[in-house]
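Content type mmCIF, C-alpha atoms and all ligand atoms, from the file entry.cif:
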```
data_start
#
loop_
_atom_site.label_atom_id
_atom_site.label_comp_id
_atom_site.auth_asym_id
_atom_site.auth_seq_id
_atom_site.Cartn_x
_atom_site.Cartn_y
_atom_site.Cartn_z
CA MET S 1 -132.05 -96.30 52.18
CA ASN S 2 -132.72 -98.18 55.43
CA PHE S 3 -135.12 -100.92 54.31
CA PHE S 4 -135.63 -101.99 57.92
CA LYS S 5 -137.55 -98.76 58.52
CA ILE S 6 -140.22 -99.76 55.99
CA PRO S 7 -143.17 -101.65 57.54
CA THR S 8 -143.85 -104.94 55.75
CA PRO S 9 -145.52 -105.84 53.59
CA CYS S 10 -145.40 -102.58 51.64
CA TYR S 11 -145.51 -101.49 47.99
CA VAL S 12 -143.00 -98.72 47.47
CA LEU S 13 -143.06 -96.39 44.49
CA GLU S 14 -139.67 -95.02 43.43
CA GLU S 15 -140.60 -91.62 42.10
CA ASP S 16 -137.45 -91.01 40.03
CA LYS S 17 -138.03 -94.28 38.15
CA LEU S 18 -141.65 -93.38 37.44
CA LYS S 19 -140.50 -89.99 36.16
CA LYS S 20 -138.05 -91.69 33.79
CA ASN S 21 -140.94 -93.71 32.28
CA LEU S 22 -143.12 -90.63 31.99
CA LYS S 23 -140.42 -88.73 30.10
CA ILE S 24 -140.22 -91.53 27.52
CA LEU S 25 -144.00 -91.59 27.12
CA ASN S 26 -144.13 -87.83 26.75
CA PHE S 27 -141.37 -88.01 24.13
CA VAL S 28 -143.55 -90.44 22.15
CA GLN S 29 -146.47 -88.01 22.41
CA ILE S 30 -144.41 -85.06 21.22
CA GLU S 31 -142.64 -86.86 18.37
CA SER S 32 -145.57 -88.89 17.03
CA GLY S 33 -148.52 -86.66 17.88
CA ALA S 34 -150.19 -89.60 19.65
CA LYS S 35 -152.03 -89.14 22.94
CA VAL S 36 -150.96 -91.41 25.78
CA LEU S 37 -153.57 -92.47 28.34
CA LEU S 38 -152.76 -94.26 31.58
CA ALA S 39 -154.65 -97.58 31.78
CA LEU S 40 -155.96 -97.60 35.33
CA LYS S 41 -156.62 -101.33 35.21
CA GLY S 42 -152.85 -101.82 35.42
CA TYR S 43 -151.77 -98.88 37.54
CA ALA S 44 -154.20 -96.90 39.71
CA PHE S 45 -151.73 -95.59 42.31
CA TRP S 46 -153.53 -92.25 42.38
CA ARG S 47 -151.24 -90.81 44.99
CA SER S 48 -148.76 -90.37 42.12
CA PHE S 49 -151.20 -88.82 39.63
CA GLU S 50 -150.11 -85.29 40.43
CA LEU S 51 -146.78 -86.20 38.86
CA ILE S 52 -148.18 -88.31 36.00
CA ARG S 53 -150.66 -85.71 34.81
CA ASP S 54 -147.82 -83.32 33.96
CA TYR S 55 -146.65 -85.75 31.29
CA ILE S 56 -149.56 -87.59 29.70
CA LYS S 57 -152.93 -86.76 28.25
CA GLY S 58 -155.42 -88.68 30.35
CA CYS S 59 -156.68 -92.02 31.57
CA CYS S 60 -158.19 -95.13 30.08
CA ALA S 61 -160.94 -96.57 32.29
CA SER S 62 -162.62 -99.98 32.24
CA GLY S 63 -165.81 -98.81 33.87
CA ILE S 64 -167.40 -96.36 36.24
CA TYR S 65 -165.06 -96.71 39.23
CA GLU S 66 -161.91 -96.20 37.19
CA ALA S 67 -163.56 -93.30 35.35
CA MET S 68 -164.48 -91.70 38.70
CA LEU S 69 -160.94 -92.09 39.96
CA ALA S 70 -159.58 -90.50 36.78
CA PHE S 71 -162.10 -87.65 37.13
CA GLU S 72 -161.36 -87.01 40.80
CA GLU S 73 -157.61 -87.50 40.87
CA PHE S 74 -156.20 -87.09 37.35
CA GLY S 75 -158.28 -84.47 35.59
CA SER S 76 -161.12 -84.15 33.15
CA ARG S 77 -162.29 -82.20 30.08
CA GLU S 78 -162.34 -79.04 32.21
CA ILE S 79 -158.53 -79.08 32.29
CA ASP S 80 -158.11 -80.62 28.83
CA LYS S 81 -157.59 -84.20 30.04
CA GLU S 82 -159.22 -87.20 28.39
CA ILE S 83 -161.12 -90.02 30.11
CA CYS S 84 -161.59 -92.80 27.62
CA VAL S 85 -163.83 -95.65 28.74
CA PHE S 86 -164.17 -99.12 27.30
CA SER S 87 -166.23 -101.87 28.89
CA PRO S 88 -167.35 -105.18 27.36
CA ALA S 89 -170.91 -104.11 28.34
CA TYR S 90 -172.39 -101.11 30.16
CA LYS S 91 -175.38 -101.29 32.52
CA ASN S 92 -177.94 -98.44 32.48
CA LEU S 93 -176.86 -96.96 35.79
CA GLU S 94 -173.19 -97.10 34.83
CA MET S 95 -173.91 -95.16 31.65
CA GLU S 96 -175.85 -92.52 33.61
CA GLN S 97 -172.83 -92.06 35.86
CA LEU S 98 -170.32 -92.10 33.00
CA LEU S 99 -171.99 -89.41 30.90
CA PRO S 100 -170.86 -86.45 33.04
CA ILE S 101 -167.31 -87.84 33.28
CA ALA S 102 -166.20 -89.59 30.08
CA THR S 103 -164.69 -87.80 27.09
CA HIS S 104 -164.69 -90.97 24.95
CA ILE S 105 -166.98 -93.99 25.27
CA ILE S 106 -166.11 -97.15 23.38
CA PHE S 107 -168.65 -99.92 22.83
CA ASN S 108 -168.05 -103.61 22.31
CA SER S 109 -171.15 -104.10 20.12
CA PHE S 110 -173.48 -102.20 17.81
CA ALA S 111 -176.36 -103.21 20.10
CA GLN S 112 -174.83 -101.40 23.10
CA TRP S 113 -174.09 -98.34 20.99
CA GLN S 114 -177.70 -98.24 19.76
CA LYS S 115 -178.99 -98.70 23.31
CA PHE S 116 -177.18 -95.60 24.59
CA LYS S 117 -176.98 -93.50 21.40
CA ASN S 118 -179.84 -91.12 22.28
CA LYS S 119 -178.61 -90.60 25.82
CA ILE S 120 -175.16 -89.65 24.54
CA GLU S 121 -176.61 -87.33 21.89
CA ASN S 122 -178.73 -85.56 24.53
CA LYS S 123 -175.75 -85.21 26.82
CA ASN S 124 -173.72 -83.79 23.95
CA LYS S 125 -176.33 -81.09 23.29
CA HIS S 126 -175.99 -80.08 26.92
CA LEU S 127 -172.16 -80.09 26.79
CA GLN S 128 -172.28 -78.05 23.59
CA SER S 129 -174.51 -75.43 25.24
CA LEU S 130 -171.91 -75.10 28.02
CA GLY S 131 -169.10 -74.71 25.47
CA PHE S 132 -167.45 -78.04 26.38
CA SER S 133 -166.21 -80.64 23.93
CA GLU S 134 -168.65 -83.45 23.28
CA ILE S 135 -168.37 -87.12 24.23
CA GLU S 136 -166.89 -89.02 21.31
CA VAL S 137 -168.02 -92.54 20.57
CA GLY S 138 -165.96 -95.48 19.35
CA LEU S 139 -166.30 -99.17 18.63
CA ARG S 140 -163.82 -101.85 19.68
CA VAL S 141 -162.91 -104.16 16.84
CA ASN S 142 -161.19 -107.51 16.71
CA PRO S 143 -158.63 -107.58 13.88
CA LEU S 144 -158.32 -111.37 14.27
CA TYR S 145 -154.62 -111.06 14.93
CA SER S 146 -152.68 -111.09 18.18
CA GLU S 147 -149.29 -112.55 19.05
CA VAL S 148 -150.03 -112.61 22.79
CA GLN S 149 -149.20 -115.66 24.89
CA PRO S 150 -150.62 -117.24 27.04
CA PRO S 151 -154.21 -117.47 25.68
CA ILE S 152 -155.74 -116.00 28.88
CA TYR S 153 -154.24 -112.64 27.81
CA ASN S 154 -155.04 -112.95 24.10
CA PRO S 155 -158.19 -111.01 23.09
CA CYS S 156 -158.22 -112.58 19.62
CA ILE S 157 -158.48 -116.24 20.63
CA SER S 158 -161.30 -118.06 18.94
CA GLY S 159 -164.60 -117.27 20.63
CA SER S 160 -163.21 -114.11 22.26
CA ARG S 161 -165.87 -111.70 23.59
CA LEU S 162 -163.57 -108.69 23.19
CA GLY S 163 -164.01 -106.61 20.04
CA ILE S 164 -166.38 -106.81 17.08
CA THR S 165 -165.19 -109.29 14.46
CA PRO S 166 -164.95 -108.11 10.82
CA SER S 167 -168.06 -110.05 9.73
CA GLU S 168 -170.14 -108.74 12.68
CA PHE S 169 -168.86 -105.24 11.96
CA GLU S 170 -169.99 -105.46 8.36
CA LYS S 171 -173.45 -106.61 9.50
CA GLY S 172 -173.60 -103.76 12.04
CA VAL S 173 -172.70 -101.15 9.43
CA ARG S 174 -175.38 -102.56 7.10
CA ASN S 175 -178.01 -102.30 9.85
CA PHE S 176 -177.06 -99.11 11.63
CA GLY S 177 -174.44 -97.22 9.58
CA LEU S 178 -171.57 -95.46 11.29
CA GLU S 179 -172.96 -91.97 11.74
CA GLY S 180 -172.06 -90.89 15.26
CA ILE S 181 -169.00 -93.12 15.47
CA GLN S 182 -165.77 -91.12 15.61
CA GLY S 183 -163.22 -93.78 16.44
CA LEU S 184 -162.09 -97.39 16.21
CA HIS S 185 -160.25 -99.20 18.98
CA PHE S 186 -158.34 -102.43 19.16
CA HIS S 187 -156.40 -103.91 22.06
CA THR S 188 -154.39 -106.95 21.05
CA HIS S 189 -150.96 -106.49 22.65
CA CYS S 190 -149.33 -107.54 25.91
CA GLU S 191 -145.73 -106.61 26.81
CA GLN S 192 -144.88 -106.24 23.13
CA ASN S 193 -142.46 -104.28 20.98
CA SER S 194 -143.35 -101.96 18.10
CA ASP S 195 -142.74 -104.57 15.40
CA VAL S 196 -145.86 -106.35 16.68
CA LEU S 197 -147.90 -103.17 16.24
CA GLU S 198 -146.60 -102.91 12.68
CA ARG S 199 -147.77 -106.45 11.89
CA THR S 200 -151.09 -105.91 13.70
CA LEU S 201 -151.93 -102.79 11.70
CA VAL S 202 -151.71 -104.82 8.49
CA HIS S 203 -154.54 -107.01 9.79
CA PHE S 204 -156.51 -104.06 11.18
CA GLU S 205 -156.38 -102.33 7.81
CA LYS S 206 -157.16 -105.51 5.91
CA TYR S 207 -160.55 -105.65 7.63
CA PHE S 208 -161.36 -102.10 8.67
CA LYS S 209 -159.72 -99.83 6.09
CA PRO S 210 -163.03 -99.19 4.27
CA TYR S 211 -164.39 -97.57 7.44
CA ALA S 212 -161.19 -95.92 8.64
CA SER S 213 -161.36 -92.88 6.40
CA GLN S 214 -164.57 -91.81 8.24
CA MET S 215 -162.83 -91.88 11.62
CA LYS S 216 -161.46 -89.00 13.66
CA TRP S 217 -159.35 -91.18 15.94
CA PHE S 218 -157.89 -94.63 16.42
CA ASN S 219 -157.09 -96.23 19.75
CA PHE S 220 -154.30 -98.82 19.54
CA GLY S 221 -154.96 -100.09 23.09
CA GLY S 222 -152.34 -101.06 25.63
CA GLY S 223 -149.66 -103.71 25.84
CA HIS S 224 -147.00 -101.52 24.18
CA HIS S 225 -143.94 -102.04 26.37
CA ILE S 226 -142.64 -98.58 25.50
CA THR S 227 -140.49 -97.98 28.59
CA ARG S 228 -138.65 -101.34 28.50
CA SER S 229 -134.98 -100.83 27.63
CA ASP S 230 -135.11 -102.85 24.38
CA TYR S 231 -138.33 -101.27 23.09
CA ASP S 232 -137.92 -99.65 19.68
CA VAL S 233 -139.38 -96.21 20.40
CA GLN S 234 -138.27 -94.71 17.07
CA LYS S 235 -140.12 -97.44 15.19
CA LEU S 236 -143.28 -96.76 17.20
CA ILE S 237 -143.04 -93.06 16.37
CA ALA S 238 -142.53 -93.80 12.67
CA ILE S 239 -145.51 -96.21 12.60
CA ILE S 240 -147.82 -93.69 14.25
CA LYS S 241 -146.71 -90.80 12.05
CA ASP S 242 -147.14 -92.88 8.93
CA PHE S 243 -150.57 -94.12 10.05
CA ARG S 244 -151.77 -90.62 10.94
CA ALA S 245 -150.57 -89.28 7.61
CA ARG S 246 -152.56 -91.96 5.76
CA TYR S 247 -155.77 -91.14 7.65
CA GLY S 248 -155.97 -87.37 7.42
CA ASP S 249 -153.90 -86.65 10.53
CA ALA S 250 -156.35 -88.60 12.68
CA ASP S 251 -155.66 -88.79 16.42
CA VAL S 252 -154.00 -91.92 17.73
CA PHE S 253 -154.37 -93.02 21.34
CA LEU S 254 -152.10 -95.44 23.16
CA GLU S 255 -153.25 -96.70 26.53
CA PRO S 256 -150.37 -98.34 28.39
CA GLY S 257 -150.71 -99.45 31.99
CA GLU S 258 -147.67 -101.62 32.43
CA ALA S 259 -145.33 -99.24 30.57
CA VAL S 260 -146.22 -96.47 33.04
CA GLY S 261 -145.50 -98.52 36.15
CA TRP S 262 -142.71 -100.63 34.60
CA GLN S 263 -139.84 -101.11 37.08
CA SER S 264 -140.97 -98.10 39.09
CA GLY S 265 -141.12 -99.71 42.52
CA PHE S 266 -141.04 -102.83 44.66
CA LEU S 267 -142.95 -104.93 47.16
CA ILE S 268 -141.05 -105.55 50.37
CA GLY S 269 -141.84 -108.42 52.73
CA GLU S 270 -140.25 -110.24 55.61
CA VAL S 271 -139.17 -113.82 56.31
CA VAL S 272 -141.47 -115.03 59.10
CA ASP S 273 -140.33 -118.65 59.32
CA ILE S 274 -138.20 -121.22 57.47
CA VAL S 275 -139.44 -124.83 57.24
CA TRP S 276 -138.03 -127.90 55.48
CA ASN S 277 -139.63 -130.31 53.01
CA GLU S 278 -136.99 -131.55 50.55
CA ILE S 279 -136.00 -127.89 50.19
CA ALA S 280 -135.80 -125.00 52.66
CA ILE S 281 -139.05 -123.05 52.40
CA ALA S 282 -139.22 -119.46 53.58
CA ILE S 283 -142.68 -118.38 54.68
CA LEU S 284 -143.12 -114.69 54.02
CA ASP S 285 -145.70 -112.07 54.94
CA VAL S 286 -146.35 -111.50 51.21
CA SER S 287 -148.45 -113.82 49.10
CA ALA S 288 -148.39 -114.67 45.40
CA SER S 289 -152.10 -115.33 45.54
CA ALA S 290 -153.11 -112.12 47.38
CA HIS S 291 -150.41 -109.63 46.39
CA MET S 292 -148.74 -110.79 43.14
CA PRO S 293 -151.40 -112.85 41.32
CA ASP S 294 -149.65 -112.58 37.95
CA CYS S 295 -146.86 -114.76 39.37
CA LEU S 296 -149.42 -117.56 39.30
CA GLU S 297 -151.49 -116.49 36.28
CA MET S 298 -148.80 -115.58 33.78
CA PRO S 299 -146.80 -117.30 35.37
CA TYR S 300 -143.55 -115.43 36.08
CA ARG S 301 -140.81 -115.27 38.65
CA PRO S 302 -139.97 -111.81 40.02
CA ASN S 303 -136.36 -110.82 40.67
CA VAL S 304 -135.60 -110.41 44.35
CA LYS S 305 -133.07 -108.95 46.73
CA LYS S 306 -132.42 -110.30 50.21
CA ILE S 307 -131.73 -107.68 52.85
CA SER S 308 -130.13 -108.80 56.12
CA LEU S 309 -128.80 -107.01 59.16
CA VAL S 310 -125.21 -107.97 59.96
CA GLY S 311 -124.49 -106.18 63.22
CA ASN S 312 -125.84 -102.73 62.47
CA GLU S 313 -125.00 -102.97 58.78
CA GLN S 314 -127.56 -103.67 56.09
CA GLN S 315 -126.37 -106.37 53.66
CA ILE S 316 -128.11 -106.55 50.28
CA GLU S 317 -127.75 -109.59 48.04
CA GLU S 318 -129.39 -110.17 44.67
CA ASP S 319 -130.76 -113.64 44.05
CA LYS S 320 -128.48 -115.84 41.99
CA GLY S 321 -131.26 -117.70 40.18
CA GLU S 322 -132.75 -121.09 40.94
CA LYS S 323 -130.32 -123.42 42.79
CA ILE S 324 -127.21 -121.55 41.59
CA GLY S 325 -126.13 -119.83 44.80
CA LYS S 326 -124.91 -121.78 47.84
CA TYR S 327 -128.21 -121.53 49.75
CA SER S 328 -131.54 -122.32 48.05
CA TYR S 329 -135.04 -121.46 49.22
CA ARG S 330 -138.60 -121.68 48.01
CA PHE S 331 -140.54 -118.51 48.81
CA GLY S 332 -144.14 -119.11 49.89
CA GLY S 333 -146.97 -116.92 51.15
CA PRO S 334 -148.90 -117.04 54.43
CA THR S 335 -152.18 -118.39 52.93
CA CYS S 336 -153.62 -121.92 52.95
CA LEU S 337 -153.24 -122.29 49.18
CA ALA S 338 -150.68 -125.03 48.54
CA GLY S 339 -149.68 -123.28 45.34
CA ASP S 340 -149.11 -119.89 47.01
CA VAL S 341 -145.48 -120.10 45.95
CA ILE S 342 -143.59 -117.19 44.47
CA GLY S 343 -140.61 -119.16 43.19
CA ASP S 344 -137.28 -120.77 44.05
CA TYR S 345 -134.31 -118.52 44.83
CA SER S 346 -130.70 -118.94 45.88
CA PHE S 347 -128.07 -116.79 47.56
CA GLU S 348 -124.41 -116.92 48.59
CA THR S 349 -125.33 -116.31 52.25
CA PRO S 350 -128.05 -118.02 54.30
CA LEU S 351 -131.50 -116.54 54.78
CA ASN S 352 -132.68 -115.80 58.31
CA VAL S 353 -136.02 -115.14 59.96
CA GLY S 354 -136.43 -111.35 60.05
CA ASP S 355 -134.62 -110.77 56.74
CA LYS S 356 -136.42 -108.49 54.30
CA ILE S 357 -137.20 -109.67 50.78
CA LEU S 358 -137.58 -107.05 48.09
CA PHE S 359 -139.56 -108.10 45.01
CA GLU S 360 -138.70 -105.90 42.07
CA ASP S 361 -141.08 -104.31 39.54
CA MET S 362 -144.25 -104.63 41.59
CA MET S 363 -146.22 -101.45 40.88
CA HIS S 364 -148.41 -102.63 37.99
CA TYR S 365 -151.11 -105.33 38.04
CA THR S 366 -150.47 -105.93 41.75
CA ILE S 367 -152.11 -103.28 43.94
CA VAL S 368 -155.09 -103.16 41.55
CA LYS S 369 -155.56 -106.94 41.93
CA ASN S 370 -154.96 -107.29 45.70
CA ASN S 371 -157.32 -109.33 47.80
CA THR S 372 -157.60 -110.33 51.46
CA PHE S 373 -157.82 -114.11 50.94
CA ASN S 374 -157.32 -115.86 54.33
CA GLY S 375 -157.61 -112.44 55.98
CA VAL S 376 -154.05 -111.69 54.89
CA PRO S 377 -153.43 -107.95 55.43
CA LEU S 378 -153.21 -105.66 52.43
CA PRO S 379 -149.67 -104.29 52.00
CA SER S 380 -149.11 -100.65 52.99
CA LEU S 381 -148.31 -98.07 50.32
CA GLY S 382 -145.22 -95.89 50.36
CA VAL S 383 -143.01 -93.76 48.17
CA ILE S 384 -139.31 -93.00 47.91
CA SER S 385 -138.88 -89.42 46.86
CA ASN S 386 -135.50 -87.62 46.90
CA GLY S 387 -134.00 -90.67 48.63
CA GLU S 388 -136.49 -90.51 51.53
CA PHE S 389 -139.13 -93.14 52.30
CA ARG S 390 -142.61 -91.84 53.14
CA LEU S 391 -145.48 -94.06 54.29
CA LEU S 392 -148.65 -93.08 52.41
CA LYS S 393 -151.28 -95.54 53.58
CA ASN S 394 -151.71 -98.38 56.07
CA PHE S 395 -154.53 -100.91 55.86
CA ASP S 396 -156.01 -102.73 58.83
CA TYR S 397 -158.60 -105.25 59.98
CA ASN S 398 -161.48 -102.97 58.92
CA ASP S 399 -160.41 -103.18 55.26
CA TYR S 400 -160.80 -106.96 55.52
CA LYS S 401 -164.07 -106.80 57.46
CA ASN S 402 -165.71 -104.30 55.09
CA ARG S 403 -165.14 -106.56 52.09
CA ASN S 404 -166.93 -109.53 53.62
C1 LIG J 1 -158.48 -102.26 26.54
C2 LIG J 1 -157.18 -102.23 27.26
N1 LIG J 1 -156.43 -101.11 27.20
C3 LIG J 1 -155.25 -101.01 27.85
C4 LIG J 1 -154.75 -102.06 28.58
C5 LIG J 1 -153.43 -101.90 29.30
O1 LIG J 1 -152.48 -102.81 28.87
P1 LIG J 1 -150.99 -102.80 29.43
O2 LIG J 1 -151.06 -102.56 30.87
O3 LIG J 1 -150.48 -104.16 29.10
O4 LIG J 1 -150.28 -101.73 28.71
C6 LIG J 1 -155.48 -103.27 28.66
C7 LIG J 1 -154.99 -104.42 29.41
O5 LIG J 1 -155.56 -105.45 29.50
C8 LIG J 1 -156.73 -103.34 27.98
O6 LIG J 1 -157.50 -104.45 28.05
#
```
Produce structure tokens that represent the structure in this file.
Amino acid sequence: MNFFKIPTPCYVLEEDKLKKNLKILNFVQIESGAKVLLALKGYAFWRSFELIRDYIKGCCASGIYEAMLAFEEFGSREIDKEICVFSPAYKNLEMEQLLPIATHIIFNSFAQWQKFKNKIENKNKHLQSLGFSEIEVGLRVNPLYSEVQPPIYNPCISGSRLGITPSEFEKGVRNFGLEGIQGLHFHTHCEQNSDVLERTLVHFEKYFKPYASQMKWFNFGGGHHITRSDYDVQKLIAIIKDFRARYGDADVFLEPGEAVGWQSGFLIGEVVDIVWNEIAIAILDVSASAHMPDCLEMPYRPNVKKISLVGNEQQIEEDKGEKIGKYSYRFGGPTCLAGDVIGDYSFETPLNVGDKILFEDMMHYTIVKNNTFNGVPLPSLGVISNGEFRLLKNFDYNDYKNRN
């Protein structure tokens, strides 16, 4: 692969790596009977949906735009695909637009369910008359247990707005009953292994078991790091099979975003200048703030490769870690934000202006979060398929102008 032929900055999907993830997810579906939905909030690279839809059951959407994308590019009830929507709160117009698209609608409160109950029932009569499956309705619950760190990613922190707490659920059932509710949903994981799901289900059942026998399906949310090499897939399968057996063979949904895009591509940038302030600082055409916001939010430090041209030869060197290699650099973005720093890296050979920097594992929670802060251009989109790079999309000044 000649990395110097790729325009920078550019996100590049490696199709064979994506396929490897999809095979694992499909294996989980086949062995456990669970349905896997792609969480578009994490990975909405729809130019790869043609491939993804061969392996998994549908999409999980956070609102109308994601649901529309799933409908247009992934598939809908007409071809036996599911579009499962959860939003902390739906506005009237959003619900109008969701009704023709969604197969499952999950509410975050009894009040929202009551508000839209009649509309959904009317829509279902219509779908029934056409011979289509009806929209199924669920409630998101908060099992008061999550092992997620840091707190910004933990939906069970005290005062969380995400999911109905056990006491509020009990009140809701007393006031409105559960007729018309087919499923319960929780999302309490982030980058976690199957042992965490096992512990979480104990808490879910502690609070919601009395209602579970009335349910047709359970949605265990995302955050299951199924495609990571140390993930215990067999344990996940056993947990799901056991759970389904205890609840009358109910359907179980998993909605991973990160596990779909995990290590399936990179972001490539270029060294534009190198300045000095106690340490050598490489200024790149990629930004933590605009292109890799989780580096600042989480925070985390992506692995990188430095790609240089020596004569006509491409030389690729993996980073040695912070201040371990002979030559150390801080990588910073082109914005005005003082903290737009990706991390400190070191190599055995010096870095030069014009070198390419490849940031690994950049397909999830990056493109979906991009912004044009400081008018920084949006990275292009590309794919490597059968060893060949193909440019899929370039952005330009108009993408910046139209957002402002
Ligand atoms: C409700 C819900 N489902 C699914 C996901 C996807 O999670 P992940 O990409 O970590 O698998 C999220 C992430 O925040 C979520 O909030």
Exercise for review: Enumerate as number ranges by chain the residues within 10 Å of ligand LIG 1 (chain J), counting only C-alpha atoms and all ligand atoms.
Suggested key: S: 37-43, 59-62, 84-88, 106, 140, 153-155, 162-163, 185-192, 219-226, 254-262, 364-365
Separating CA of Thr103 (chain S) from CA of Leu184 (chain S), to the nearest tenth of an Å, is a gap of 14.7 Å
Query raised in the report: Between S:Thr349, S:Phe331, S:Pro299, S:Tyr400, which has the minimum distance to Ile279 (chain S) (counting all atoms listed in the file)?
Result: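 Smallest separation from Ile279 (chain S) among the options: S:Phe331.
Interatomic distance, CA of Asn398 (chain S) to CA of Val376 (chain S): 12.1 Å.
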Per residue of region 198-292 of chain S within 7 Å of region 20-33 of chain S, which atom pair is closest and at what distance in Å (one decimal), using all atoms listed in the file, listed by chain and increasing number, as a tab-separated table?
```
residue	atom	partner	partner_atom	distance
S:Thr227	CA	S:Asn21	CA	5.7
S:Ile237	CA	S:Ser32	CA	4.9
S:Ile240	CA	S:Ser32	CA	6.0
S:Lys241	CA	S:Ser32	CA	5.5
S:Val260	CA	S:Asn21	CA	6.0
```
Taken to one decimal, the CA of Ile281 (chain S)-CA of Lys326 (chain S) distance is 14.9 Å
Exercise for review: Find the residues near Ala34 (chain S): any atom within 7 Å, counting all atoms listed in the file, skip ones fewer than 4 places away on the same chain, and give them as number ranges by chain.
Suggested key: S: 29, 251-253
Report as JSON lines: every residue of region 62-168 of chain S with an atom at most 8 Å from region 46-56 of chain S, its closest pair of atoms, and their distance in Å to one decimal, counting only C-alpha atoms, with rows sorted by chain and ascending residue number.
```
{"residue": "S:Leu69", "atom": "CA", "partner": "S:Trp46", "partner_atom": "CA", "distance": 7.8}
{"residue": "S:Glu73", "atom": "CA", "partner": "S:Trp46", "partner_atom": "CA", "distance": 6.4}
{"residue": "S:Phe74", "atom": "CA", "partner": "S:Phe49", "partner_atom": "CA", "distance": 5.8}
{"residue": "S:Gly75", "atom": "CA", "partner": "S:Arg53", "partner_atom": "CA", "distance": 7.8}
```
Let me make sure I understand: among S:Phe4, S:Phe395, S:Phe116, S:Tyr327, which one has the smallest atom-to-atom distance to Ile307 (chain S) if we use all atoms listed in the file?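 Among the listed residues, S:Phe4 lies closest to Ile307 (chain S).
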(message) Quick one: residues within 9 Å of Ile342 (chain S), only C-alpha atoms, excluding same-chain residues fewer than 5 positions away - as an MDAnalysis selection string?
(response) chainID S and resid 287:289 292 295:296 300:302 330:333
- Message: So that I can see what lies close to Ser158 (chain S), please list as a ChimeraX atom specification the residues with an atom at most 12 Å from it, counting all atoms listed in the file and leaving out residues fewer than 4 positions away in the same chain.
- Response: /S:142-146,151-152,154,162-163,165
Restrict the selected residues to C-alpha atoms and save them as a PDB file, in the frame of the given file.
```pdb
ATOM      1  CA  ASN S 142    -161.190-107.510  16.710  1.00  0.00           C
ATOM      2  CA  PRO S 143    -158.630-107.580  13.880  1.00  0.00           C
ATOM      3  CA  LEU S 144    -158.320-111.370  14.270  1.00  0.00           C
ATOM      4  CA  TYR S 145    -154.620-111.060  14.930  1.00  0.00           C
ATOM      5  CA  SER S 146    -152.680-111.090  18.180  1.00  0.00           C
ATOM      6  CA  PRO S 151    -154.210-117.470  25.680  1.00  0.00           C
ATOM      7  CA  ILE S 152    -155.740-116.000  28.880  1.00  0.00           C
ATOM      8  CA  ASN S 154    -155.040-112.950  24.100  1.00  0.00           C
ATOM      9  CA  LEU S 162    -163.570-108.690  23.190  1.00  0.00           C
ATOM     10  CA  GLY S 163    -164.010-106.610  20.040  1.00  0.00           C
ATOM     11  CA  THR S 165    -165.190-109.290  14.460  1.00  0.00           C
TER      12      THR S 165
END
```
Can you save region 28-56 of chain S of the given block to a file, including C-alpha atoms and formatted as a CSV table (one decimal), in the first residue's frame?
```
chain,number,residue,atom,x,y,z
S,28,VAL,CA,-22.9,-14.7,18.2
S,29,GLN,CA,-26.2,-14.3,16.4
S,30,ILE,CA,-26.2,-17.9,15.2
S,31,GLU,CA,-25.0,-19.5,18.4
S,32,SER,CA,-27.0,-17.5,20.9
S,33,GLY,CA,-30.2,-16.6,18.9
S,34,ALA,CA,-29.6,-12.9,19.7
S,35,LYS,CA,-30.1,-10.2,17.1
S,36,VAL,CA,-27.3,-7.8,16.6
S,37,LEU,CA,-28.0,-4.2,15.6
S,38,LEU,CA,-25.4,-1.7,14.4
S,39,ALA,CA,-25.5,1.4,16.7
S,40,LEU,CA,-25.3,4.2,14.2
S,41,LYS,CA,-24.2,6.7,16.9
S,42,GLY,CA,-20.8,5.0,16.9
S,43,TYR,CA,-20.4,3.9,13.3
S,44,ALA,CA,-22.5,5.4,10.5
S,45,PHE,CA,-20.1,4.8,7.6
S,46,TRP,CA,-23.0,3.9,5.3
S,47,ARG,CA,-20.8,3.4,2.3
S,48,SER,CA,-20.0,0.0,4.0
S,49,PHE,CA,-23.6,-1.0,4.8
S,50,GLU,CA,-23.9,-3.2,1.7
S,51,LEU,CA,-21.3,-5.5,3.3
S,52,ILE,CA,-22.6,-5.1,6.9
S,53,ARG,CA,-26.2,-5.9,6.1
S,54,ASP,CA,-25.2,-9.4,4.9
S,55,TYR,CA,-24.2,-10.3,8.5
S,56,ILE,CA,-26.3,-8.5,11.0
```
